[in-house]
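Enquirer: Would you mind keeping the following structure in view while I ask a few things?
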Amino acid sequence: MLVADILRHKGGQVVSVFPDVPVSRVLAVLGSHRIGAVLVIDRNGGVHGILSERDIVRRLWREGTATMEMPAQAVMTRHLVTALPSTTVAEVMQMMTVGRFRHVPVIDQGQLLGLISIGDVVKARIDEQEEENVSLRAYIAGAA
Ligand code: AMP
């Protein structure tokens with residue numbers, strides 16, 4: 001299964017914030033959408049980084065409540081690990097495990113196509129196993 005297959009079901013919409021948006025506002029976006037990370041994107045669509053609840057928690061721990069007034073770009077992770085539509089779901093799992101993160105943006109030739117979360121990956125693997133079980137049961141029933 002490929003990243004493109006997940007995006008076909010899930011769609012390409014990505015929740016994002018502008019680089020100058022304060023962390024207090026980012027928290028509202030994360031909470032209201034029930035998500036763990038947003039992409040930080042400028043007004044021309046350029047991707048600057050990713051800002052996850054973990055970045056905010058770490059900064060709160062180190063610098064206290066002043067974090068709430070900081071712009072998203074001061075707290076985000078700049079160096080992004082990304083996938084292509086042709087990347088396999090197994091490869092994305094590997095990226096998440098090695099990098100210890102739960103989100104992978106899908107970017108092809110500079111164009112943002114979507115965001116894959118660990119929840120999407122787990123769902124894809126369960127669906128894949130379910131399909132395999134159905135085929136195996138049909139094969140066994142046919143052979144009997
Ligand atoms: P997460 O587990 O995705 O909430 O993020 C854990 C940490 O990894 C945070 O510091 C994120 O900013 C960072 N992070 C999340 N996704 C990525 C990614 N695709 N590439 C690089 N860093 C990431």
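Please note that chains go A, B, ... in the order of the structure tokens, that every chain numbers its residues from 1, and that ligands are numbered from 1 in the order shown.
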Give as a VMD selection string the residues surrounding ligand 1 up to a distance of 8 Å, considering only C-alpha atoms and all ligand atoms.

Expert: chain A and resid 36 to 37 49 to 55 76 to 82 96 99 to 105 117

Enquirer: Can you list, as a ChimeraX atom specification, all residues belonging to chain A that DSSP tags as helix (DSSP H, G or I)?

Expert: /A:3-10,23-33,53-69,72-75,89-99,118-143

Enquirer: Within 10 Å of A:Leu112, counting only C-alpha atoms, which residues show up once you throw out same-chain ones fewer than 4 positions away? Write them as a list in words, please.

Expert: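 Neighbouring residues, sequence-local ones excluded: Gly12, Gln13, Val14, Gly45, Gly46, Val47, Thr82, Leu84, Pro105, Val106, Ile107 and Asp108 of chain A.
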
Enquirer: Quick one: distance from atom CA of A:Val92 to atom CA of A:Leu2 in Å, one decimal?

Expert: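 Result for atom CA of A:Val92 versus atom CA of A:Leu2: 9.2 Å, one decimal.
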
Enquirer: Measuring between only C-alpha atoms, which one of A:Arg59, A:Glu69, A:Ala141, A:Leu115 shows the shortest distance to A:Ser16?

Expert: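 Comparing A:Arg59, A:Glu69, A:Ala141, A:Leu115 against A:Ser16, the winner is A:Leu115.
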
Enquirer: When distances are computed from only C-alpha atoms, which of A:Ile126, A:Leu30, A:Ala72, A:Met1 shows the smallest separation from A:Val89?

Expert: A:Met1

Enquirer: What is the distance between atom CA of A:His33 and atom CA of A:Gln94, in Å to one decimal?

Expert: 26.5 Å

Enquirer: What are the DSSP strand (DSSP E or B) residues of stretch 27-106 of chain A, as a PDB file with C-alpha atoms, in the first residue's frame?

Expert:
```pdb
ATOM      1  CA  ALA A  37       0.352  18.888  14.948  1.00  0.00           C
ATOM      2  CA  VAL A  38      -0.055  21.656  12.375  1.00  0.00           C
ATOM      3  CA  LEU A  39       2.110  22.578   9.427  1.00  0.00           C
ATOM      4  CA  VAL A  40       3.542  26.091   9.438  1.00  0.00           C
ATOM      5  CA  ILE A  41       2.915  27.596   6.007  1.00  0.00           C
ATOM      6  CA  VAL A  47       6.094  25.051   4.013  1.00  0.00           C
ATOM      7  CA  HIS A  48       8.346  26.341   6.853  1.00  0.00           C
ATOM      8  CA  GLY A  49       8.047  23.475   9.338  1.00  0.00           C
ATOM      9  CA  ILE A  50       5.825  21.459  11.641  1.00  0.00           C
ATOM     10  CA  LEU A  51       4.586  22.410  15.098  1.00  0.00           C
ATOM     11  CA  SER A  52       3.474  19.532  17.297  1.00  0.00           C
ATOM     12  CA  PRO A  71       5.282  32.887  17.151  1.00  0.00           C
ATOM     13  CA  THR A  77      10.707  21.959  13.883  1.00  0.00           C
ATOM     14  CA  ALA A  83       7.156  11.411   1.878  1.00  0.00           C
ATOM     15  CA  THR A  88       5.060   2.815   0.774  1.00  0.00           C
ATOM     16  CA  HIS A 103       3.346  12.988  11.331  1.00  0.00           C
ATOM     17  CA  VAL A 104       4.771  12.946   7.806  1.00  0.00           C
ATOM     18  CA  PRO A 105       3.868  15.633   5.240  1.00  0.00           C
ATOM     19  CA  VAL A 106       3.504  14.476   1.648  1.00  0.00           C
TER      20      VAL A 106
END
```
